[in-house]
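Written out below as structure tokens is the structure these notes cover.
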Amino acid sequence: MFSETFVPSIFSYKHRLLHLSVLFFIVPYWYSHYNEQHRLSSYSVETAMFLSWERAIVKPGAMFKKAVIGFNCNVDLIVSGVRVVEALNTTCSEGKDQETLESLADLHQTFAHFFQRGAAAERYMSSEDQFNLLVAESEASTRSHHHIGGNAALMADRIAANFPSTEVYLVGPIGPRSQALIHPSVKRTNSTRILKDELHVILEYKQGEILGDWVAPSSSRFITSHDHFSGSMVVMEMFFKAIAQFRPDLVIITGVHLLEFQSKEMRQEKMRLIKRNLLQINPKTPIHLELGSLADEVFSTDVINKILPYVDSLGINEQELTFLSHIANGPHMEEYPVQAGTVHVHKVVEMLHWLLKTYGRDPTGQNPNKAGYRLSRIHFHCLTYHIMVSSGTDWSNLAAGLAAGARIAGRLSCNIGANTIDSELLEIRTAANFVLDKKMEKNYQFEAHNPIASWMREDVLFVFTPVLVCRLPSKTVGIDDAISATGLLYSQFYRLGRPTHW
């Protein structure tokens with residue numbers, strides 16, 4: 001009865017007010033929809049990606065309130081790498097990676113090795129006299145600049161500047177110049193003050209620069225130093241003491257790679273100290289490890305066996321990831337050292353999956369070999385794309401963290417303001433389509449208005465986004481730390497229950 005009488009009657013003349021109201025609703029809707037589609041199609045690819053990230057970036061339900069960060073802090077002396085290396089009066093017929101630099105000639109060889117690959121690296125200079133000669137040459141350069149440096153200081157500075165609701169406590173060797181350069185709201189301890197700043201020389205170079213017979217395939221930097229304090233026992237002990245006193249809800253540990261250049265006995269003692277103290281931190285307080293450039297296989301094996309499993313989160317780039325896979329018999333061992341360009345995404349996915357499944361937390365708690373393991377989140381970043389990986393239920397809001405990290409990468413490299421989108425300075429270096437995950441048969445089709453892709457592989461979540469690359473970067477150092485810090489602060493951590501091992 002209803003279907004026979006009501007439907008025809010609704011179109012009758014006496015319902016003309018209803019017809020008009022529907023018409024007045026539909027016409028503006030379709031007009032608005034048309035204008036919106038026209039507006040979206042008028043955006044450049046770069047602007048469309050920025051706006052898509054903006055939509056994805058939402059703050060977590062509960063922000064981190066207190067963070068303790070340690071333990072490497074220094075002043076970066078940033079110079080033109082090609083200009084300084086050419087002024088050293090050394091010769092180099094071929095590039096060669098030296099684990100430790102004993103002379104300026106070693107510096108020239110190792111710089112050339114990474115320069116021709118466009119890859120970032122950091123090496124210790126064992127001779128203080130040779131390092132002082134390098135510093136003198138660098139400071140004589142008309143284009144030298146001093147900035148706050150060290151992973152811990154850079155991450156503390158970024159969090160203090162961009163997340164004022166998070167209280168930041170930095171533990172590291174702080175000298176007069178770094179004291180003046182660091183963000184004023186960062187809390188510091190007087191127990192690790194030093195009279196003279198640790199100095200790192202940052203040899204930056206731009207894509208297309210020429211050194212001898214080599215041309216840089218991309219913009220990057222080479223870092224060298226002769227630190228005395230960043231890897232000292234006093235700084236480490238004060239760092240873990242601050243965790244007990246400050247009672248943070250986030251711990252960030254960096255600078256572990258600096259131990260590589262100390263004696264075998266000294267670094268083993270400090271590795272035991274770090275592991276012992278990590279095991280004493282409340283499992284409900286997440287620990288993030290920001291990895292640095294590694295070269296020594298024995299030391300690096302100790303890092304991935306004795307420290308990596310006992311942190312909740314890891315920040316890593318393509319040079320570090322491929323090296324870990326190379327020394328620990330992971331997938332695609334042949335990718336190290338990284339050549340010009342970045343590693344194919346599907347190979348990075350294989351390595352990240354292996355790293356998390358091998359050294360990550362067992363959500364079931366059934367594996368006795370993984371008692372005390374905590375790792376459940378990895379933030380991978382390279383020049384052209386970023387990936388966030390997570391297992392279990394501890395971490396959430398990961399797409400927002402990934403988008404926030406990707407957004408800041410290009411802005412910092414090009415020195416673009418926070419509220420500005422200058423698509424002329426940025427470019428996308430991603431193919432239109434490619435394989436994300438061979439095992440899962442997951443492919444990626446680039447869409448500027450929807451660049452983020454996510455998928456599950458077994459019980460592991462992957463989130464991927466391409467990154468806008470700065471055409472003419474004004475800086476390269478510190479970008480990784482800013483990406484990791486930003487992605488971490490937009491992520492949310494909550495662990496249910498109390499693990500039996502604590």
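Identifiers for the structure tokens are assigned positionally: chains receive A, B, ... in sequence, residues are indexed from 1 per chain, and ligands are indexed from 1 in the order shown.
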
At a cut-off of 9 Å, using only C-alpha atoms, what residues contact A:Ala403? Leave out same-chain residues fewer than 6 positions from it and give the result as a VMD selection string.
chain A and resid 52 to 54 56 to 57 386 452 465 487

Using DSSP secondary structure from the backbone, list all alpha helix (DSSP H) positions within stretch 223-402 of chain A, as a ChimeraX atom specification.
/A:233-246,264-278,297-306,318-327,345-359,398-402

Quick one: residues within 10 Å of A:Met236, only C-alpha atoms counted, chain neighbours fewer than 3 positions away excluded, as a short mmCIF file (atom, residue, chain, number, x, y, z; two decimals) with N, CA, C and O atoms, in the first residue's frame?
```cif
data_model
loop_
_atom_site.label_atom_id
_atom_site.label_comp_id
_atom_site.auth_asym_id
_atom_site.auth_seq_id
_atom_site.Cartn_x
_atom_site.Cartn_y
_atom_site.Cartn_z
N GLY A 70 69.66 12.43 25.92
CA GLY A 70 71.11 12.40 26.08
C GLY A 70 71.72 11.47 25.05
O GLY A 70 71.00 10.71 24.41
N PHE A 71 73.01 11.51 24.77
CA PHE A 71 73.95 12.18 25.62
C PHE A 71 75.00 12.96 24.83
O PHE A 71 76.02 13.34 25.40
N ASN A 72 74.84 13.09 23.49
CA ASN A 72 75.86 13.83 22.72
C ASN A 72 75.39 15.24 22.37
O ASN A 72 74.31 15.47 21.87
N VAL A 171 70.78 16.14 28.77
CA VAL A 171 72.00 15.76 29.49
C VAL A 171 73.10 15.50 28.48
O VAL A 171 73.02 14.56 27.69
N GLY A 172 74.11 16.35 28.49
CA GLY A 172 75.23 16.21 27.56
C GLY A 172 76.28 17.25 27.89
O GLY A 172 76.04 18.17 28.68
N THR A 192 77.20 18.51 33.90
CA THR A 192 77.87 18.13 32.65
C THR A 192 78.32 19.35 31.86
O THR A 192 78.53 19.27 30.65
N PHE A 229 84.11 14.23 25.56
CA PHE A 229 83.13 14.12 26.62
C PHE A 229 81.81 13.44 26.25
O PHE A 229 81.15 12.87 27.12
N SER A 230 81.38 13.50 24.99
CA SER A 230 80.05 13.01 24.63
C SER A 230 79.86 11.53 24.97
O SER A 230 78.76 11.10 25.30
N GLY A 231 80.93 10.75 24.86
CA GLY A 231 80.83 9.33 25.20
C GLY A 231 81.44 8.99 26.53
O GLY A 231 81.79 7.83 26.79
N SER A 232 81.53 9.98 27.43
CA SER A 232 82.19 9.74 28.72
C SER A 232 81.25 9.04 29.70
O SER A 232 80.03 9.14 29.62
N MET A 233 81.84 8.33 30.64
CA MET A 233 81.08 7.61 31.65
C MET A 233 80.28 8.57 32.52
O MET A 233 79.14 8.28 32.91
N PHE A 239 73.00 11.01 32.77
CA PHE A 239 71.82 10.83 31.93
C PHE A 239 70.82 9.89 32.59
O PHE A 239 69.62 10.21 32.72
N PHE A 240 71.30 8.74 33.04
CA PHE A 240 70.38 7.78 33.67
C PHE A 240 69.92 8.26 35.06
O PHE A 240 68.81 7.95 35.48
N LYS A 241 70.76 9.03 35.72
CA LYS A 241 70.35 9.62 36.99
C LYS A 241 69.22 10.63 36.77
O LYS A 241 68.27 10.69 37.57
N ALA A 242 69.31 11.40 35.70
CA ALA A 242 68.26 12.38 35.38
C ALA A 242 66.94 11.69 35.09
O ALA A 242 65.86 12.22 35.43
N ILE A 253 67.67 8.33 23.67
CA ILE A 253 69.10 8.08 23.82
C ILE A 253 69.77 8.16 22.45
O ILE A 253 69.32 7.54 21.49
N LYS A 270 80.96 0.42 28.85
CA LYS A 270 79.89 1.40 28.70
C LYS A 270 78.62 0.78 28.09
O LYS A 270 77.51 1.17 28.44
N LEU A 273 76.89 -0.78 30.91
CA LEU A 273 76.23 0.27 31.70
C LEU A 273 74.91 0.68 31.06
O LEU A 273 73.88 0.80 31.74
N ILE A 274 74.93 0.90 29.74
CA ILE A 274 73.72 1.33 29.04
C ILE A 274 72.64 0.25 29.13
O ILE A 274 71.49 0.53 29.47
N ASN A 277 71.07 -0.10 32.62
CA ASN A 277 70.17 1.00 32.97
C ASN A 277 68.91 1.00 32.12
O ASN A 277 67.83 1.38 32.61
#
```

Pick the closest to A:Arg83 from A:Gln98, A:Ser138, A:Asn317, A:Gln366: which is it, counting only C-alpha atoms?
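Once distances to A:Arg83 are computed over only C-alpha atoms, the minimum belongs to A:Ser138.
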
Per residue of stretch 357-417 of chain A within 12 Å of stretch 152-169 of chain A, note the shortest atom pair and the distance in Å to one decimal, counting only C-alpha atoms, and order the rows by chain and increasing residue number, as JSON lines.
```
{"residue": "A:Ala404", "atom": "CA", "partner": "A:Asn162", "partner_atom": "CA", "distance": 11.4}
{"residue": "A:Gly405", "atom": "CA", "partner": "A:Arg158", "partner_atom": "CA", "distance": 11.8}
{"residue": "A:Ile408", "atom": "CA", "partner": "A:Arg158", "partner_atom": "CA", "distance": 10.8}
{"residue": "A:Leu412", "atom": "CA", "partner": "A:Arg158", "partner_atom": "CA", "distance": 11.2}
```

With only C-alpha atoms as the counted atoms, please give the residues lying no more than 7 Å from stretch 491-495 of chain A, apart from itself and same-chain residues fewer than 6 positions off, as a ChimeraX atom specification.
/A:60,62,284,394-398,401

For A:His381, work out the shell of residues within 9 Å, counting only C-alpha atoms and skipping chain neighbours fewer than 3 positions away, then give it as a CSV table (one decimal) with N, CA and C atoms, in the first residue's frame.
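This is the output file out31.csv:
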```
chain,number,residue,atom,x,y,z
A,315,GLY,N,65.2,5.3,15.3
A,315,GLY,CA,65.3,6.2,14.1
A,315,GLY,C,66.5,5.8,13.3
A,316,ILE,N,66.4,5.6,12.0
A,316,ILE,CA,67.4,5.1,11.2
A,316,ILE,C,67.3,5.5,9.8
A,317,ASN,N,68.5,5.7,9.1
A,317,ASN,CA,68.5,6.1,7.7
A,317,ASN,C,69.0,4.9,6.8
A,318,GLU,N,69.1,5.1,5.5
A,318,GLU,CA,69.4,4.0,4.6
A,318,GLU,C,70.8,3.5,4.8
A,384,THR,N,64.3,10.5,-0.4
A,384,THR,CA,63.1,10.6,-1.3
A,384,THR,C,61.8,10.0,-0.7
A,385,TYR,N,62.0,9.2,0.4
A,385,TYR,CA,60.8,8.6,1.0
A,385,TYR,C,61.0,8.2,2.5
A,386,HIS,N,60.0,8.1,3.2
A,386,HIS,CA,60.0,7.7,4.6
A,386,HIS,C,59.1,6.6,4.9
A,387,ILE,N,59.4,5.7,5.8
A,387,ILE,CA,58.5,4.6,6.2
A,387,ILE,C,58.5,4.5,7.7
A,388,MET,N,57.3,4.3,8.2
A,388,MET,CA,57.0,4.0,9.6
A,388,MET,C,56.6,2.5,9.8
A,405,GLY,N,56.9,14.3,9.9
A,405,GLY,CA,58.3,14.2,9.7
A,405,GLY,C,58.7,14.5,8.2
A,406,ALA,N,57.8,14.0,7.3
A,406,ALA,CA,58.0,14.2,5.9
A,406,ALA,C,57.9,15.7,5.5
A,480,ASP,N,67.8,14.7,9.8
A,480,ASP,CA,67.4,13.4,10.3
A,480,ASP,C,66.9,13.5,11.7
A,483,ILE,N,63.5,15.2,11.8
A,483,ILE,CA,62.4,14.2,11.3
A,483,ILE,C,62.0,13.3,12.4
A,484,SER,N,63.0,12.7,13.0
A,484,SER,CA,62.8,11.7,14.1
A,484,SER,C,62.1,12.3,15.3
```

Of the listed residues A:Arg457, A:His108, A:His200, A:Lys59, that which approaches A:Met440 most closely, counting only C-alpha atoms
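Closest to A:Met440, using only C-alpha atoms: A:Arg457.
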
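Taking only C-alpha atoms into account, A:Val79 lies nearest to A:Glu139 out of the set A:Asp227, A:Asp302, A:Glu139, A:Glu269.
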
Atom CA of A:Ala119 and atom CA of A:Gly478, how far apart in Å?
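These two atoms are separated by 14.5 Å.
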
Would you mind telling me which residue in A:Lys442, A:Lys206, A:His147, A:Lys96 lies nearest to A:Val345 when using only C-alpha atoms?
A:Lys442

Quick one: pull the distance between atom CA of A:Glu334 and atom CA of A:Gln262, Å, one decimal.
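Computing it gives 28.3 Å between the two atoms.
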
Could you tell me how far atom CA of A:Val303 sits from atom CA of A:Leu258, in Å to one decimal place?
11.6 Å

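Comparing the minimum interatomic distances between A:Ser263 and each of A:Val311, A:Phe299, A:Val389, A:Asn151, counting only C-alpha atoms, we find that A:Phe299 sits nearest.
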
Output as a list in words all residues of stretch 337-447 of chain A that backbone DSSP marks as strand (DSSP E).
Arg377, Ile378, His379, Phe380, His381, Tyr385, His386, Ile387, Met388, Val389, Ser390, Ser391, Trp395, Ser396, Leu426, Glu427, Ile428, Asn433, Phe434, Val435, Leu436, Asp437, Lys442, Asn443, Tyr444 and Gln445 of chain A

Between A:Ile304, A:Val251, A:Ile202, A:Leu352, which is the closest to A:Leu170 once you count only C-alpha atoms?
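Of A:Ile304, A:Val251, A:Ile202, A:Leu352, the one nearest A:Leu170 is A:Val251, counting only C-alpha atoms.
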
Need the shell around A:Phe50: protein/DNA/RNA residues with any atom at most 12 Å away, counting only C-alpha atoms. Skip same-chain ones fewer than 4 positions apart. Format as a PyMOL selection string?
chain A and resi 43-46+54-57+403-411+418-423+426-428+448-452+465-468

Quick one: everything within 9 Å of A:Val84, counting only C-alpha atoms, minus sequence neighbours fewer than 4 positions away in the same chain. Send it as a VMD selection string.
chain A and resid 79 to 80 88 134 137 to 138 141 203

Which residues of stretch 186-282 of chain A sit at most 12 Å from stretch 91-94 of chain A, using only C-alpha atoms? Give each one's shortest atom pair and distance in Å (one decimal place), in chain and ascending residue order, as CSV.
```
residue,atom,partner,partner_atom,distance
A:Leu211,CA,A:Cys92,CA,10.1
A:Gly212,CA,A:Cys92,CA,8.4
A:Asp213,CA,A:Ser93,CA,8.9
A:Trp214,CA,A:Glu94,CA,9.7
```
